[in-house]
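work_32.pdb (PDB, C-alpha atoms, pLDDT in the B column) appears below.
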ATOM      1  CA  MET A  29     -21.017  36.324 -33.780  1.00 55.00           C
ATOM      2  CA  SER A  30     -23.489  37.211 -31.050  1.00 53.00           C
ATOM      3  CA  ARG A  31     -23.388  40.441 -29.109  1.00 49.00           C
ATOM      4  CA  ILE A  32     -22.561  38.595 -25.864  1.00 46.00           C
ATOM      5  CA  THR A  33     -19.663  36.768 -27.554  1.00 36.00           C
ATOM      6  CA  ARG A  34     -18.260  40.089 -28.854  1.00 43.00           C
ATOM      7  CA  GLN A  35     -18.589  41.637 -25.392  1.00 40.00           C
ATOM      8  CA  LEU A  36     -16.827  38.691 -23.740  1.00 34.00           C
ATOM      9  CA  MET A  37     -14.012  38.811 -26.313  1.00 38.00           C
ATOM     10  CA  GLY A  38     -13.647  42.551 -25.722  1.00 38.00           C
ATOM     11  CA  LEU A  39     -13.544  42.041 -21.962  1.00 37.00           C
ATOM     12  CA  ALA A  40     -10.909  39.312 -22.354  1.00 36.00           C
ATOM     13  CA  ALA A  41      -8.768  41.601 -24.527  1.00 34.00           C
ATOM     14  CA  ILE A  42      -9.004  44.436 -21.991  1.00 34.00           C
ATOM     15  CA  THR A  43      -8.107  42.048 -19.148  1.00 33.00           C
ATOM     16  CA  LEU A  44      -5.017  40.809 -21.012  1.00 32.00           C
ATOM     17  CA  LEU A  45      -3.941  44.368 -21.793  1.00 32.00           C
ATOM     18  CA  LEU A  46      -4.346  45.495 -18.191  1.00 32.00           C
ATOM     19  CA  SER A  47      -2.469  42.472 -16.814  1.00 34.00           C
ATOM     20  CA  ALA A  48       0.425  43.127 -19.211  1.00 34.00           C
ATOM     21  CA  CYS A  49       0.545  46.779 -18.147  1.00 33.00           C
ATOM     22  CA  ALA A  50       0.546  45.734 -14.476  1.00 35.00           C
ATOM     23  CA  GLY A  51       3.659  43.590 -14.936  1.00 41.00           C
ATOM     24  CA  GLY A  52       1.759  40.327 -15.278  1.00 50.00           C
ATOM     25  CA  GLY A  53       2.727  39.993 -18.948  1.00 57.00           C
ATOM     26  CA  GLY A  54       3.638  36.345 -18.722  1.00 74.00           C
ATOM     27  CA  PRO A  55       6.546  34.231 -17.592  1.00 85.00           C
ATOM     28  CA  ALA A  56      10.153  35.383 -17.775  1.00 84.00           C
ATOM     29  CA  HIS A  57      12.195  33.897 -20.624  1.00 87.00           C
ATOM     30  CA  GLN A  58      15.819  33.880 -21.711  1.00 87.00           C
ATOM     31  CA  GLY A  59      17.041  37.457 -22.104  1.00 88.00           C
ATOM     32  CA  ASP A  60      14.466  38.934 -19.693  1.00 93.00           C
ATOM     33  CA  SER A  61      15.284  40.584 -16.386  1.00 92.00           C
ATOM     34  CA  ALA A  62      14.778  38.062 -13.596  1.00 93.00           C
ATOM     35  CA  PRO A  63      11.702  38.834 -11.491  1.00 93.00           C
ATOM     36  CA  ARG A  64      11.694  38.858  -7.701  1.00 92.00           C
ATOM     37  CA  LEU A  65       9.979  35.777  -6.327  1.00 95.00           C
ATOM     38  CA  ALA A  66       7.830  35.599  -3.212  1.00 96.00           C
ATOM     39  CA  VAL A  67       8.531  32.310  -1.426  1.00 98.00           C
ATOM     40  CA  THR A  68       8.120  30.785   2.017  1.00 97.00           C
ATOM     41  CA  THR A  69      10.780  29.368   4.319  1.00 97.00           C
ATOM     42  CA  LEU A  70      10.416  25.896   5.795  1.00 97.00           C
ATOM     43  CA  THR A  71       9.407  27.581   9.062  1.00 96.00           C
ATOM     44  CA  GLY A  72       6.535  29.428   7.355  1.00 96.00           C
ATOM     45  CA  MET A  73       8.089  32.883   7.076  1.00 97.00           C
ATOM     46  CA  SER A  74       7.648  34.974   3.924  1.00 96.00           C
ATOM     47  CA  SER A  75      10.851  35.552   1.988  1.00 96.00           C
ATOM     48  CA  GLU A  76      12.042  36.753  -1.387  1.00 96.00           C
ATOM     49  CA  VAL A  77      14.424  35.306  -3.941  1.00 95.00           C
ATOM     50  CA  ARG A  78      15.989  37.834  -6.262  1.00 90.00           C
ATOM     51  CA  PRO A  79      19.216  38.277  -8.137  1.00 86.00           C
ATOM     52  CA  THR A  80      21.781  40.526  -6.528  1.00 85.00           C
ATOM     53  CA  ALA A  81      24.274  42.636  -8.438  1.00 83.00           C
ATOM     54  CA  GLY A  82      27.507  40.797  -9.115  1.00 85.00           C
ATOM     55  CA  SER A  83      26.160  37.370  -8.122  1.00 90.00           C
ATOM     56  CA  LYS A  84      24.864  34.576 -10.341  1.00 93.00           C
ATOM     57  CA  LEU A  85      21.736  32.680  -9.351  1.00 95.00           C
ATOM     58  CA  TRP A  86      20.698  29.122 -10.213  1.00 95.00           C
ATOM     59  CA  LEU A  87      17.064  28.371  -9.387  1.00 97.00           C
ATOM     60  CA  THR A  88      15.752  24.835  -9.457  1.00 97.00           C
ATOM     61  CA  PHE A  89      12.014  24.233  -9.256  1.00 98.00           C
ATOM     62  CA  TRP A  90      11.352  20.727  -7.955  1.00 98.00           C
ATOM     63  CA  ALA A  91       9.124  18.387  -5.947  1.00 98.00           C
ATOM     64  CA  THR A  92       9.959  15.598  -3.510  1.00 98.00           C
ATOM     65  CA  TRP A  93       7.895  13.067  -5.493  1.00 97.00           C
ATOM     66  CA  CYS A  94       9.822  13.821  -8.731  1.00 97.00           C
ATOM     67  CA  TYR A  95      12.287  10.997  -9.440  1.00 96.00           C
ATOM     68  CA  PRO A  96      14.639  13.075 -11.675  1.00 96.00           C
ATOM     69  CA  CYS A  97      14.667  15.783  -8.979  1.00 97.00           C
ATOM     70  CA  ARG A  98      15.638  13.242  -6.336  1.00 96.00           C
ATOM     71  CA  ALA A  99      18.273  11.691  -8.595  1.00 95.00           C
ATOM     72  CA  GLU A 100      19.973  15.010  -9.342  1.00 95.00           C
ATOM     73  CA  TRP A 101      19.980  16.211  -5.700  1.00 96.00           C
ATOM     74  CA  PRO A 102      23.525  14.976  -4.882  1.00 95.00           C
ATOM     75  CA  GLY A 103      24.769  16.658  -8.067  1.00 94.00           C
ATOM     76  CA  LEU A 104      23.139  19.929  -7.048  1.00 95.00           C
ATOM     77  CA  ASN A 105      24.896  19.756  -3.694  1.00 95.00           C
ATOM     78  CA  GLN A 106      28.212  19.213  -5.481  1.00 93.00           C
ATOM     79  CA  ALA A 107      27.501  22.005  -7.978  1.00 93.00           C
ATOM     80  CA  GLN A 108      26.871  24.471  -5.153  1.00 93.00           C
ATOM     81  CA  ARG A 109      30.166  23.504  -3.515  1.00 92.00           C
ATOM     82  CA  ASP A 110      32.096  23.644  -6.802  1.00 90.00           C
ATOM     83  CA  MET A 111      30.586  26.857  -8.150  1.00 89.00           C
ATOM     84  CA  ALA A 112      30.295  28.948  -4.982  1.00 87.00           C
ATOM     85  CA  GLY A 113      33.765  30.345  -5.722  1.00 87.00           C
ATOM     86  CA  ASP A 114      32.441  31.604  -9.057  1.00 87.00           C
ATOM     87  CA  GLY A 115      29.932  33.796  -7.211  1.00 89.00           C
ATOM     88  CA  LEU A 116      27.000  31.456  -7.803  1.00 91.00           C
ATOM     89  CA  THR A 117      24.141  30.789  -5.418  1.00 93.00           C
ATOM     90  CA  LEU A 118      21.886  27.795  -5.939  1.00 95.00           C
ATOM     91  CA  VAL A 119      18.335  27.974  -4.596  1.00 97.00           C
ATOM     92  CA  ALA A 120      15.808  25.118  -4.701  1.00 98.00           C
ATOM     93  CA  ILE A 121      12.109  25.999  -4.704  1.00 98.00           C
ATOM     94  CA  SER A 122       9.696  23.195  -3.875  1.00 98.00           C
ATOM     95  CA  VAL A 123       6.411  23.746  -5.682  1.00 98.00           C
ATOM     96  CA  ASN A 124       2.980  22.982  -4.165  1.00 97.00           C
ATOM     97  CA  GLU A 125       4.253  20.861  -1.290  1.00 97.00           C
ATOM     98  CA  PRO A 126       3.799  21.232   2.479  1.00 97.00           C
ATOM     99  CA  ALA A 127       6.793  22.151   4.614  1.00 97.00           C
ATOM    100  CA  GLY A 128       6.649  18.837   6.514  1.00 97.00           C
ATOM    101  CA  THR A 129       7.027  16.798   3.333  1.00 98.00           C
ATOM    102  CA  VAL A 130       9.990  18.866   2.179  1.00 98.00           C
ATOM    103  CA  GLN A 131      11.606  18.724   5.628  1.00 98.00           C
ATOM    104  CA  GLN A 132      11.300  14.913   5.700  1.00 98.00           C
ATOM    105  CA  PHE A 133      13.094  14.778   2.347  1.00 98.00           C
ATOM    106  CA  LEU A 134      15.824  17.143   3.587  1.00 98.00           C
ATOM    107  CA  ASP A 135      16.291  15.045   6.728  1.00 98.00           C
ATOM    108  CA  GLN A 136      17.256  12.147   4.431  1.00 97.00           C
ATOM    109  CA  GLN A 137      18.928  14.214   1.679  1.00 96.00           C
ATOM    110  CA  PRO A 138      20.454  17.376   3.184  1.00 97.00           C
ATOM    111  CA  ALA A 139      21.057  20.419   0.975  1.00 97.00           C
ATOM    112  CA  THR A 140      24.180  22.597   0.804  1.00 95.00           C
ATOM    113  CA  PHE A 141      21.997  25.382  -0.630  1.00 96.00           C
ATOM    114  CA  LYS A 142      18.863  27.260   0.384  1.00 97.00           C
ATOM    115  CA  VAL A 143      15.499  25.541   0.012  1.00 98.00           C
ATOM    116  CA  PHE A 144      12.234  27.474  -0.121  1.00 98.00           C
ATOM    117  CA  LEU A 145       8.576  26.641  -0.667  1.00 98.00           C
ATOM    118  CA  ASP A 146       6.225  27.896  -3.373  1.00 98.00           C
ATOM    119  CA  PRO A 147       2.907  26.814  -1.796  1.00 96.00           C
ATOM    120  CA  GLN A 148       0.597  28.015  -4.578  1.00 95.00           C
ATOM    121  CA  GLY A 149       3.015  27.704  -7.502  1.00 96.00           C
ATOM    122  CA  GLN A 150       3.127  31.459  -8.082  1.00 95.00           C
ATOM    123  CA  ALA A 151       6.934  31.654  -8.227  1.00 96.00           C
ATOM    124  CA  ALA A 152       7.016  28.713 -10.644  1.00 97.00           C
ATOM    125  CA  ALA A 153       4.445  30.454 -12.840  1.00 95.00           C
ATOM    126  CA  ARG A 154       6.781  33.471 -13.143  1.00 94.00           C
ATOM    127  CA  TYR A 155       9.096  31.185 -15.174  1.00 93.00           C
ATOM    128  CA  GLY A 156       6.461  29.122 -16.942  1.00 93.00           C
ATOM    129  CA  VAL A 157       7.370  25.948 -15.068  1.00 95.00           C
ATOM    130  CA  ILE A 158       5.351  23.059 -16.510  1.00 93.00           C
ATOM    131  CA  GLY A 159       7.381  20.122 -15.220  1.00 95.00           C
ATOM    132  CA  PHE A 160      10.116  19.149 -12.804  1.00 97.00           C
ATOM    133  CA  PRO A 161      12.916  19.755 -12.497  1.00 97.00           C
ATOM    134  CA  THR A 162      13.076  23.137 -14.196  1.00 96.00           C
ATOM    135  CA  HIS A 163      16.256  25.165 -13.819  1.00 96.00           C
ATOM    136  CA  VAL A 164      16.650  28.908 -14.317  1.00 95.00           C
ATOM    137  CA  LEU A 165      20.137  30.379 -14.679  1.00 94.00           C
ATOM    138  CA  ILE A 166      20.491  34.098 -14.008  1.00 94.00           C
ATOM    139  CA  ASP A 167      23.711  36.007 -14.686  1.00 93.00           C
ATOM    140  CA  ASP A 168      25.396  38.597 -12.476  1.00 90.00           C
ATOM    141  CA  ALA A 169      23.490  41.398 -14.240  1.00 92.00           C
ATOM    142  CA  GLY A 170      20.131  39.834 -13.279  1.00 92.00           C
ATOM    143  CA  VAL A 171      19.337  38.585 -16.793  1.00 93.00           C
ATOM    144  CA  VAL A 172      17.843  35.135 -17.375  1.00 94.00           C
ATOM    145  CA  ARG A 173      20.472  33.217 -19.364  1.00 92.00           C
ATOM    146  CA  ALA A 174      18.613  29.909 -19.655  1.00 92.00           C
ATOM    147  CA  VAL A 175      15.483  28.047 -18.640  1.00 94.00           C
ATOM    148  CA  VAL A 176      16.200  24.315 -18.738  1.00 94.00           C
ATOM    149  CA  ARG A 177      13.490  21.685 -18.379  1.00 94.00           C
ATOM    150  CA  GLY A 178      14.858  18.418 -17.050  1.00 93.00           C
ATOM    151  CA  PRO A 179      18.013  17.535 -15.143  1.00 92.00           C
ATOM    152  CA  LEU A 180      21.005  19.869 -15.309  1.00 90.00           C
ATOM    153  CA  ASP A 181      24.570  19.298 -14.179  1.00 88.00           C
ATOM    154  CA  ALA A 182      27.275  21.766 -13.147  1.00 88.00           C
ATOM    155  CA  THR A 183      29.253  21.454 -16.397  1.00 89.00           C
ATOM    156  CA  ARG A 184      26.310  22.452 -18.546  1.00 88.00           C
ATOM    157  CA  ALA A 185      25.259  25.156 -16.066  1.00 88.00           C
ATOM    158  CA  ARG A 186      28.742  26.695 -16.254  1.00 85.00           C
ATOM    159  CA  LYS A 187      28.515  26.840 -20.037  1.00 87.00           C
ATOM    160  CA  LEU A 188      25.037  28.345 -19.966  1.00 85.00           C
ATOM    161  CA  LEU A 189      26.170  30.993 -17.490  1.00 82.00           C
ATOM    162  CA  ALA A 190      29.407  31.544 -19.425  1.00 79.00           C
ATOM    163  CA  LEU A 191      31.543  30.785 -16.378  1.00 65.00           C
ATOM    164  CA  THR A 192      34.044  28.999 -18.607  1.00 53.00           C
ATOM    165  CA  ASP A 193      35.508  30.008 -21.954  1.00 44.00           C
TER
END

I'd like the structure from this file rewritten - as structure tokens, please.
Amino acid sequence: MSRITRQLMGLAAITLLLSACAGGGGPAHQGDSAPRLAVTTLTGMSSEVRPTAGSKLWLTFWATWCYPCRAEWPGLNQAQRDMAGDGLTLVAISVNEPAGTVQQFLDQQPATFKVFLDPQGQAAARYGVIGFPTHVLIDDAGVVRAVVRGPLDATRARKLLALTD
């Protein structure tokens, strides 16, 4: 192994160590505390999505061009209506799409829940999102209970969040 290769490997190891110490230790998984997410509103304002004590949070990472995302949209609206009484908030985060594109979709398919933008995909990276839809279920203690890749309905979400016996 050449001296330059050893130096580069050492630099890479130090970089990984420093990023882990700075809180950039990788995406959140089941059992981890849910991170705060920096997002943007449809009007371009900075906002934050974070769990709040005593409230459950269902995040869905999606895109307007994603057929499964579009197909599950009515079910997400119904889930928010059905589960709001259980102290659940559903939040949709559109990844890497302009506000105008998302607004056009919402004009045709309104949402009964909050919709935010993740313009650079940084919020999605916090959960290791690699495809759409990806759902993250966070309990009332702020702990990630499940990360589900692919469509998710209210019945399965309830079970994953332990809202039913």

| From the set A:Ala151, A:Cys97, A:Val119, A:Ala81, which residue has the shortest atom-to-atom contact distance to Gly54 of chain A, counting all atoms listed in the file? |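 Going through A:Ala151, A:Cys97, A:Val119, A:Ala81 one by one, the smallest distance to Gly54 of chain A is for A:Ala151.
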
| field | Å distance separating atom CA of Val175 of chain A from atom CA of Gly72 of chain A, one decimal place | value |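 Value for the atom CA of Val175 of chain A-atom CA of Gly72 of chain A distance: 27.5 Å.
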
| request: Would you mind reading off the distance between atom CA of Trp90 of chain A and atom CA of Phe133 of chain A, one decimal, in Å? | output: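 Straight-line distance from atom CA of Trp90 of chain A to atom CA of Phe133 of chain A works out to 12.0 Å.
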
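Nearest residue to Val157 of chain A among A:Val176, A:Leu188, A:Val77, A:Val171 is A:Val176, counting all atoms listed in the file.
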
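When the PyMOL selection byres ((chain A and resi 122) around 9) is evaluated against the file, it yields Thr88, Phe89, Trp90, Ala91, Thr92, Ala120, Ile121, Val123, Asn124, Glu125, Pro126, Val130, Val143, Phe144, Leu145, Asp146, Pro147 and Gly149 of chain A.
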
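Our summary of the geometry notes that atom CA of Ala153 of chain A is positioned 19.8 Å from atom CA of Leu180 of chain A.
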
| task | Using only C-alpha atoms, determine which residues lie at most 12 Å from Gln136 of chain A, disregarding the query and same-chain residues fewer than 3 positions distant; provide the list as a PyMOL selection string. | result | chain A and resi 92+98+101-102+129-133+139

Please save C-alpha atoms of the selected residues as an mmCIF file, in the coordinates of the input.
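Result file follows (again.cif):
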data_model
loop_
_atom_site.group_PDB
_atom_site.id
_atom_site.type_symbol
_atom_site.label_atom_id
_atom_site.label_comp_id
_atom_site.auth_asym_id
_atom_site.auth_seq_id
_atom_site.Cartn_x
_atom_site.Cartn_y
_atom_site.Cartn_z
ATOM 1 C CA THR A 92 9.959 15.598 -3.510
ATOM 2 C CA ARG A 98 15.638 13.242 -6.336
ATOM 3 C CA TRP A 101 19.980 16.211 -5.700
ATOM 4 C CA PRO A 102 23.525 14.976 -4.882
ATOM 5 C CA THR A 129 7.027 16.798 3.333
ATOM 6 C CA VAL A 130 9.990 18.866 2.179
ATOM 7 C CA GLN A 131 11.606 18.724 5.628
ATOM 8 C CA GLN A 132 11.300 14.913 5.700
ATOM 9 C CA PHE A 133 13.094 14.778 2.347
ATOM 10 C CA ALA A 139 21.057 20.419 0.975
#
